[in-house]
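Printed here is model27.pdb (PDB, C-alpha atoms):
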ATOM      1  CA  MET A 728     -75.122 -72.218 -71.990
ATOM      2  CA  ALA A 729     -73.410 -72.259 -68.617
ATOM      3  CA  ALA A 730     -71.986 -69.033 -67.321
ATOM      4  CA  PRO A 731     -68.171 -68.894 -67.260
ATOM      5  CA  ARG A 732     -66.588 -69.543 -63.902
ATOM      6  CA  THR A 733     -64.797 -66.668 -62.274
ATOM      7  CA  PRO A 734     -61.340 -67.411 -60.897
ATOM      8  CA  SER A 735     -61.219 -67.734 -57.162
ATOM      9  CA  ALA A 736     -58.551 -68.059 -54.527
ATOM     10  CA  LYS A 737     -57.569 -71.506 -53.401
ATOM     11  CA  PRO A 738     -59.554 -72.690 -50.421
ATOM     12  CA  SER A 739     -57.993 -72.284 -46.999
ATOM     13  CA  PRO A 740     -56.694 -75.464 -45.380
ATOM     14  CA  GLY A 741     -58.733 -74.642 -42.297
ATOM     15  CA  ASP A 742     -60.179 -71.878 -40.185
ATOM     16  CA  PRO A 743     -58.045 -70.282 -37.453
ATOM     17  CA  PRO A 744     -58.768 -71.627 -33.969
ATOM     18  CA  ALA A 745     -61.544 -69.791 -32.148
ATOM     19  CA  LEU A 746     -59.407 -69.831 -28.993
ATOM     20  CA  TRP A 747     -55.762 -69.917 -28.033
ATOM     21  CA  ASP A 748     -55.775 -72.031 -24.916
ATOM     22  CA  PRO A 749     -54.400 -70.708 -21.573
ATOM     23  CA  VAL A 750     -51.248 -72.878 -21.644
ATOM     24  CA  VAL A 751     -50.211 -71.541 -25.064
ATOM     25  CA  ARG A 752     -50.782 -67.973 -23.894
ATOM     26  CA  LEU A 753     -49.022 -68.529 -20.565
ATOM     27  CA  THR A 754     -45.916 -70.038 -22.143
ATOM     28  CA  HIS A 755     -45.847 -67.471 -24.958
ATOM     29  CA  TRP A 756     -46.025 -64.373 -22.775
ATOM     30  CA  GLY A 757     -44.075 -65.845 -19.864
ATOM     31  CA  ILE A 758     -41.124 -66.663 -22.103
ATOM     32  CA  ALA A 759     -41.386 -63.368 -24.002
ATOM     33  CA  VAL A 760     -41.351 -61.247 -20.843
ATOM     34  CA  SER A 761     -38.533 -63.298 -19.280
ATOM     35  CA  VAL A 762     -36.315 -62.971 -22.367
ATOM     36  CA  LEU A 763     -36.926 -59.221 -22.648
ATOM     37  CA  VAL A 764     -36.304 -58.570 -18.944
ATOM     38  CA  ASN A 765     -33.078 -60.571 -18.986
ATOM     39  CA  ALA A 766     -31.954 -58.736 -22.120
ATOM     40  CA  ALA A 767     -32.771 -55.332 -20.628
ATOM     41  CA  LEU A 768     -31.005 -56.001 -17.322
ATOM     42  CA  ASP A 769     -28.185 -58.021 -18.930
ATOM     43  CA  GLU A 770     -26.647 -58.988 -15.615
ATOM     44  CA  GLY A 771     -25.551 -62.567 -16.041
ATOM     45  CA  GLY A 772     -25.319 -64.535 -12.829
ATOM     46  CA  SER A 773     -27.661 -62.274 -10.888
ATOM     47  CA  LEU A 774     -30.431 -63.836  -8.838
ATOM     48  CA  LEU A 775     -33.092 -62.381 -11.147
ATOM     49  CA  HIS A 776     -31.260 -63.569 -14.270
ATOM     50  CA  VAL A 777     -30.910 -67.111 -12.943
ATOM     51  CA  SER A 778     -34.493 -67.173 -11.650
ATOM     52  CA  LEU A 779     -35.870 -66.093 -15.010
ATOM     53  CA  GLY A 780     -33.674 -68.702 -16.691
ATOM     54  CA  TRP A 781     -35.233 -71.456 -14.584
ATOM     55  CA  LEU A 782     -38.686 -70.018 -15.271
ATOM     56  CA  VAL A 783     -38.029 -70.092 -19.010
ATOM     57  CA  MET A 784     -36.845 -73.698 -18.740
ATOM     58  CA  ALA A 785     -40.038 -74.688 -16.898
ATOM     59  CA  LEU A 786     -42.269 -72.873 -19.400
ATOM     60  CA  LEU A 787     -40.398 -74.388 -22.347
ATOM     61  CA  LEU A 788     -40.790 -77.898 -20.916
ATOM     62  CA  LEU A 789     -44.489 -77.228 -20.322
ATOM     63  CA  ARG A 790     -44.916 -76.088 -23.920
ATOM     64  CA  MET A 791     -43.118 -79.204 -25.198
ATOM     65  CA  VAL A 792     -45.455 -81.441 -23.195
ATOM     66  CA  TRP A 793     -48.432 -79.401 -24.387
ATOM     67  CA  GLY A 794     -47.271 -79.873 -27.967
ATOM     68  CA  VAL A 795     -48.006 -83.576 -27.494
ATOM     69  CA  LEU A 796     -50.947 -83.593 -25.087
ATOM     70  CA  GLY A 797     -52.634 -80.236 -25.735
ATOM     71  CA  PRO A 798     -55.586 -79.375 -28.000
ATOM     72  CA  GLY A 799     -55.301 -79.834 -31.749
ATOM     73  CA  GLU A 800     -54.066 -76.368 -32.687
ATOM     74  CA  ALA A 801     -51.351 -76.469 -29.997
ATOM     75  CA  ARG A 802     -49.889 -79.842 -31.028
ATOM     76  CA  PHE A 803     -46.713 -80.116 -33.073
ATOM     77  CA  SER A 804     -48.580 -82.215 -35.599
ATOM     78  CA  ALA A 805     -50.728 -79.160 -36.430
ATOM     79  CA  PHE A 806     -47.737 -77.080 -37.567
ATOM     80  CA  PRO A 807     -44.810 -79.304 -38.613
ATOM     81  CA  PRO A 808     -41.674 -77.449 -39.742
ATOM     82  CA  ASN A 809     -41.780 -77.172 -43.538
ATOM     83  CA  PRO A 810     -39.344 -74.650 -45.080
ATOM     84  CA  LEU A 811     -40.854 -74.976 -48.574
ATOM     85  CA  ALA A 812     -44.354 -74.324 -47.256
ATOM     86  CA  ALA A 813     -42.975 -71.356 -45.316
ATOM     87  CA  LEU A 814     -41.508 -69.885 -48.506
ATOM     88  CA  ARG A 815     -44.818 -70.409 -50.322
ATOM     89  CA  HIS A 816     -46.627 -68.655 -47.483
ATOM     90  CA  LEU A 817     -44.247 -65.681 -47.674
ATOM     91  CA  ARG A 818     -44.857 -65.425 -51.423
ATOM     92  CA  GLN A 819     -48.606 -65.483 -50.791
ATOM     93  CA  LEU A 820     -48.137 -62.787 -48.175
ATOM     94  CA  VAL A 821     -46.355 -60.564 -50.688
ATOM     95  CA  SER A 822     -49.081 -61.149 -53.276
ATOM     96  CA  GLY A 823     -51.782 -60.279 -50.738
ATOM     97  CA  ARG A 824     -53.531 -63.656 -50.968
ATOM     98  CA  VAL A 825     -52.850 -65.131 -47.557
ATOM     99  CA  ARG A 826     -54.263 -68.547 -46.717
ATOM    100  CA  GLN A 827     -55.541 -69.285 -43.253
ATOM    101  CA  TYR A 828     -54.378 -72.216 -41.169
ATOM    102  CA  PRO A 829     -55.942 -74.049 -38.213
ATOM    103  CA  SER A 830     -52.824 -73.335 -36.156
ATOM    104  CA  HIS A 831     -49.580 -71.456 -36.853
ATOM    105  CA  ASN A 832     -48.958 -70.714 -40.513
ATOM    106  CA  PRO A 833     -45.852 -72.386 -42.057
ATOM    107  CA  ALA A 834     -43.653 -69.307 -41.604
ATOM    108  CA  GLY A 835     -44.813 -68.914 -38.020
ATOM    109  CA  ALA A 836     -44.133 -72.595 -37.409
ATOM    110  CA  ILE A 837     -40.520 -72.262 -38.576
ATOM    111  CA  MET A 838     -40.135 -69.247 -36.297
ATOM    112  CA  ALA A 839     -41.601 -71.135 -33.333
ATOM    113  CA  TYR A 840     -39.263 -74.111 -33.743
ATOM    114  CA  ALA A 841     -36.241 -71.838 -34.229
ATOM    115  CA  PHE A 842     -37.171 -69.893 -31.106
ATOM    116  CA  TRP A 843     -37.637 -73.051 -29.033
ATOM    117  CA  ALA A 844     -34.306 -74.441 -30.238
ATOM    118  CA  CYS A 845     -32.534 -71.217 -29.258
ATOM    119  CA  LEU A 846     -34.255 -71.220 -25.870
ATOM    120  CA  ALA A 847     -33.066 -74.773 -25.265
ATOM    121  CA  VAL A 848     -29.465 -73.810 -26.118
ATOM    122  CA  VAL A 849     -29.586 -70.707 -23.917
ATOM    123  CA  THR A 850     -31.025 -72.720 -21.037
ATOM    124  CA  VAL A 851     -28.465 -75.527 -21.261
ATOM    125  CA  THR A 852     -25.501 -73.160 -21.577
ATOM    126  CA  GLY A 853     -26.861 -71.123 -18.676
ATOM    127  CA  LEU A 854     -26.934 -74.242 -16.512
ATOM    128  CA  VAL A 855     -23.343 -75.021 -17.507
ATOM    129  CA  MET A 856     -22.230 -71.481 -16.671
ATOM    130  CA  THR A 857     -23.831 -71.564 -13.216
ATOM    131  CA  GLY A 858     -22.953 -75.171 -12.492
ATOM    132  CA  GLY A 859     -26.648 -75.998 -12.366
ATOM    133  CA  ALA A 860     -27.196 -73.710  -9.382
ATOM    134  CA  THR A 861     -30.844 -73.131  -8.507
ATOM    135  CA  PRO A 862     -32.152 -69.648  -7.641
ATOM    136  CA  MET A 863     -32.191 -70.649  -3.969
ATOM    137  CA  GLN A 864     -28.518 -71.652  -4.118
ATOM    138  CA  VAL A 865     -27.597 -68.414  -5.864
ATOM    139  CA  ALA A 866     -29.506 -66.437  -3.221
ATOM    140  CA  ASP A 867     -27.711 -68.293  -0.420
ATOM    141  CA  GLU A 868     -24.307 -67.666  -2.016
ATOM    142  CA  LYS A 869     -24.966 -63.965  -2.490
ATOM    143  CA  ALA A 870     -26.280 -63.657   1.057
ATOM    144  CA  ALA A 871     -23.152 -65.404   2.387
ATOM    145  CA  VAL A 872     -20.853 -63.116   0.375
ATOM    146  CA  ALA A 873     -22.769 -60.050   1.529
ATOM    147  CA  SER A 874     -22.218 -61.134   5.126
ATOM    148  CA  GLY A 875     -18.491 -61.555   4.516
ATOM    149  CA  ASP A 876     -18.437 -65.347   4.222
ATOM    150  CA  TRP A 877     -16.547 -65.963   0.945
ATOM    151  CA  SER A 878     -16.233 -69.690   1.595
ATOM    152  CA  ALA A 879     -19.529 -70.201  -0.213
ATOM    153  CA  LEU A 880     -17.760 -69.432  -3.495
ATOM    154  CA  ILE A 881     -14.858 -71.840  -2.952
ATOM    155  CA  LYS A 882     -15.190 -75.153  -4.788
ATOM    156  CA  GLU A 883     -12.848 -78.089  -4.369
ATOM    157  CA  SER A 884     -11.265 -79.313  -7.594
ATOM    158  CA  ASP A 885      -7.849 -80.358  -8.854
ATOM    159  CA  GLY A 886      -5.946 -78.271 -11.405
ATOM    160  CA  GLU A 887      -6.705 -80.439 -14.434
ATOM    161  CA  SER A 888     -10.438 -80.711 -13.833
ATOM    162  CA  SER A 889     -10.579 -76.994 -13.016
ATOM    163  CA  ASP A 890      -8.991 -76.120 -16.385
ATOM    164  CA  GLU A 891     -11.470 -78.358 -18.217
ATOM    165  CA  GLU A 892     -14.361 -76.875 -16.289
ATOM    166  CA  ASN A 893     -13.207 -73.322 -16.983
ATOM    167  CA  SER A 894     -12.823 -74.101 -20.694
ATOM    168  CA  LEU A 895     -16.314 -75.606 -20.835
ATOM    169  CA  ARG A 896     -17.835 -72.647 -19.040
ATOM    170  CA  HIS A 897     -15.998 -70.206 -21.304
ATOM    171  CA  THR A 898     -17.356 -71.969 -24.387
ATOM    172  CA  ALA A 899     -20.836 -72.092 -22.862
ATOM    173  CA  GLU A 900     -20.650 -68.372 -22.094
ATOM    174  CA  GLU A 901     -19.757 -67.508 -25.699
ATOM    175  CA  VAL A 902     -22.514 -69.699 -27.124
ATOM    176  CA  HIS A 903     -24.964 -68.349 -24.535
ATOM    177  CA  GLU A 904     -24.286 -64.749 -25.548
ATOM    178  CA  VAL A 905     -24.493 -65.387 -29.290
ATOM    179  CA  VAL A 906     -27.730 -67.381 -29.105
ATOM    180  CA  ALA A 907     -29.284 -64.906 -26.632
ATOM    181  CA  ASN A 908     -28.667 -62.133 -29.174
ATOM    182  CA  LEU A 909     -30.124 -64.369 -31.889
ATOM    183  CA  LEU A 910     -33.248 -64.753 -29.753
ATOM    184  CA  LEU A 911     -33.717 -60.989 -29.765
ATOM    185  CA  ILE A 912     -33.339 -60.906 -33.549
ATOM    186  CA  LEU A 913     -35.923 -63.677 -33.924
ATOM    187  CA  ALA A 914     -38.253 -61.828 -31.562
ATOM    188  CA  ALA A 915     -37.968 -58.669 -33.671
ATOM    189  CA  LEU A 916     -38.651 -60.658 -36.861
ATOM    190  CA  HIS A 917     -41.632 -62.305 -35.170
ATOM    191  CA  VAL A 918     -43.160 -58.956 -34.207
ATOM    192  CA  ALA A 919     -42.578 -57.611 -37.723
ATOM    193  CA  GLY A 920     -44.127 -60.733 -39.234
ATOM    194  CA  VAL A 921     -47.210 -60.470 -37.047
ATOM    195  CA  PHE A 922     -47.633 -56.819 -38.035
ATOM    196  CA  VAL A 923     -47.292 -57.519 -41.772
ATOM    197  CA  GLU A 924     -49.612 -60.529 -41.709
ATOM    198  CA  ALA A 925     -52.203 -58.704 -39.618
ATOM    199  CA  ARG A 926     -52.352 -55.961 -42.239
ATOM    200  CA  ALA A 927     -52.545 -58.462 -45.090
ATOM    201  CA  MET A 928     -55.325 -60.462 -43.414
ATOM    202  CA  ARG A 929     -57.047 -57.376 -41.949
ATOM    203  CA  ARG A 930     -57.190 -59.259 -38.673
ATOM    204  CA  ASN A 931     -56.023 -58.482 -35.153
ATOM    205  CA  LEU A 932     -53.488 -61.207 -34.430
ATOM    206  CA  VAL A 933     -52.369 -59.878 -31.050
ATOM    207  CA  ALA A 934     -55.740 -59.915 -29.305
ATOM    208  CA  PRO A 935     -56.162 -63.704 -29.643
ATOM    209  CA  MET A 936     -52.877 -64.313 -27.844
ATOM    210  CA  VAL A 937     -53.815 -61.816 -25.122
ATOM    211  CA  LEU A 938     -57.528 -62.477 -24.751
ATOM    212  CA  GLY A 939     -57.626 -66.027 -26.034
ATOM    213  CA  GLN A 940     -60.207 -65.438 -28.763
ATOM    214  CA  ARG A 941     -59.842 -64.442 -32.392
ATOM    215  CA  ARG A 942     -62.001 -61.474 -33.271
ATOM    216  CA  LYS A 943     -63.897 -62.016 -36.481
TER     217      LYS A 943
END

Here is the file; what I need is its structure written in the form of structure tokens.
Amino acid sequence: MAAPRTPSAKPSPGDPPALWDPVVRLTHWGIAVSVLVNAALDEGGSLLHVSLGWLVMALLLLRMVWGVLGPGEARFSAFPPNPLAALRHLRQLVSGRVRQYPSHNPAGAIMAYAFWACLAVVTVTGLVMTGGATPMQVADEKAAVASGDWSALIKESDGESSDEENSLRHTAEEVHEVVANLLLILAALHVAGVFVEARAMRRNLVAPMVLGQRRK
């Protein structure tokens, strides 16, 4: 007579990647530090604020390209946004039976896409607010003002176009502020999620993103 089978957890869809590649780590930490520094200084229009905004835009574009051309675990196809799967993963997390995934888990995937969408909005509204000024242009303007040459801030425009431009910039400024605050909320939720999942999986989830290798 065959022995009864003992119930077992469902098999994992795949093992976590042995490495997080350098581009994923660079874009992750570069964007994280830039967002936190800009939030801490909170001086919109400053040279540092604008410079970090352009840096974030470059890193975000790099990550988007890498999501198509990068290694398997970094590609969008490895972690498509799936709200239902994310809810299932959260339920598994509460029950203590967390499945492993070859890339971001479903909840982490939703967070990543939400974060990227917010970054895109913040970047675009920032460009509208500054008129697309590059860090070099901002530095030149501030240097001119510091030397007493205010002509660098004078822009030629008729009254009607100026009103439209001011209205657009005002709207962009409001959206920019709201979404920037939302970014900080998402960042806090992300950190909390990493902490909770690390305890549930009994695995260091920070070291792989810092060192590039998951510790078994």

Assuming the chain letters and numbering stay as they are in my file, what does the PyMOL selection byres ((chain A and resi 758) around 10) actually select? List them as an mmCIF file with C-alpha atoms, in the frame of the given file.
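Contents of expr.cif, freshly written:
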data_model
loop_
_atom_site.group_PDB
_atom_site.id
_atom_site.type_symbol
_atom_site.label_atom_id
_atom_site.label_comp_id
_atom_site.auth_asym_id
_atom_site.auth_seq_id
_atom_site.Cartn_x
_atom_site.Cartn_y
_atom_site.Cartn_z
ATOM 1 C CA ARG A 752 -50.782 -67.973 -23.894
ATOM 2 C CA LEU A 753 -49.022 -68.529 -20.565
ATOM 3 C CA THR A 754 -45.916 -70.038 -22.143
ATOM 4 C CA HIS A 755 -45.847 -67.471 -24.958
ATOM 5 C CA TRP A 756 -46.025 -64.373 -22.775
ATOM 6 C CA GLY A 757 -44.075 -65.845 -19.864
ATOM 7 C CA ALA A 759 -41.386 -63.368 -24.002
ATOM 8 C CA VAL A 760 -41.351 -61.247 -20.843
ATOM 9 C CA SER A 761 -38.533 -63.298 -19.280
ATOM 10 C CA VAL A 762 -36.315 -62.971 -22.367
ATOM 11 C CA LEU A 763 -36.926 -59.221 -22.648
ATOM 12 C CA VAL A 764 -36.304 -58.570 -18.944
ATOM 13 C CA LEU A 779 -35.870 -66.093 -15.010
ATOM 14 C CA GLY A 780 -33.674 -68.702 -16.691
ATOM 15 C CA LEU A 782 -38.686 -70.018 -15.271
ATOM 16 C CA VAL A 783 -38.029 -70.092 -19.010
ATOM 17 C CA MET A 784 -36.845 -73.698 -18.740
ATOM 18 C CA ALA A 785 -40.038 -74.688 -16.898
ATOM 19 C CA LEU A 786 -42.269 -72.873 -19.400
ATOM 20 C CA LEU A 787 -40.398 -74.388 -22.347
ATOM 21 C CA LEU A 846 -34.255 -71.220 -25.870
#

Quick one: distance from atom CA of A:Leu814 to atom CA of A:Tyr840 in Å, one decimal?
->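 Computed distance, atom CA of A:Leu814 to atom CA of A:Tyr840, equals 15.5 Å.
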
Run the PyMOL selection byres ((chain A and resi 927) around 12) against the file shown and list the residues it catches, as a PyMOL selection string.
-> chain A and resi 817+819-827+920-926+928-932

Any chance you could resolve the PyMOL selection byres ((chain A and resi 906) around 12) against this file and give the residues as a list in words?
-> Val762, Ala766, Ala841, Phe842, Trp843, Ala844, Cys845, Leu846, Ala847, Val848, Val849, Thr850, Val851, Thr852, Gly853, Ala899, Glu900, Glu901, Val902, His903, Glu904, Val905, Ala907, Asn908, Leu909, Leu910, Leu911, Ile912 and Leu913 of chain A

Could you save those same residues with C-alpha atoms as a compact mmCIF listing (two decimals), in the frame of the given file?
# COMPACT_ATOMS: atom_id res chain seq x y z
CA VAL A 762 -36.32 -62.97 -22.37
CA ALA A 766 -31.95 -58.74 -22.12
CA ALA A 841 -36.24 -71.84 -34.23
CA PHE A 842 -37.17 -69.89 -31.11
CA TRP A 843 -37.64 -73.05 -29.03
CA ALA A 844 -34.31 -74.44 -30.24
CA CYS A 845 -32.53 -71.22 -29.26
CA LEU A 846 -34.26 -71.22 -25.87
CA ALA A 847 -33.07 -74.77 -25.26
CA VAL A 848 -29.46 -73.81 -26.12
CA VAL A 849 -29.59 -70.71 -23.92
CA THR A 850 -31.02 -72.72 -21.04
CA VAL A 851 -28.46 -75.53 -21.26
CA THR A 852 -25.50 -73.16 -21.58
CA GLY A 853 -26.86 -71.12 -18.68
CA ALA A 899 -20.84 -72.09 -22.86
CA GLU A 900 -20.65 -68.37 -22.09
CA GLU A 901 -19.76 -67.51 -25.70
CA VAL A 902 -22.51 -69.70 -27.12
CA HIS A 903 -24.96 -68.35 -24.54
CA GLU A 904 -24.29 -64.75 -25.55
CA VAL A 905 -24.49 -65.39 -29.29
CA ALA A 907 -29.28 -64.91 -26.63
CA ASN A 908 -28.67 -62.13 -29.17
CA LEU A 909 -30.12 -64.37 -31.89
CA LEU A 910 -33.25 -64.75 -29.75
CA LEU A 911 -33.72 -60.99 -29.76
CA ILE A 912 -33.34 -60.91 -33.55
CA LEU A 913 -35.92 -63.68 -33.92

Can you tell me how far atom CA of A:Leu788 sits from atom CA of A:Ala866, in Å to one decimal?
->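 Calculated distance between atom CA of A:Leu788 and atom CA of A:Ala866 is 23.9 Å.
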
As a check of understanding: the span from atom CA of A:Val933 to atom CA of A:Ala839 is 15.7 Å
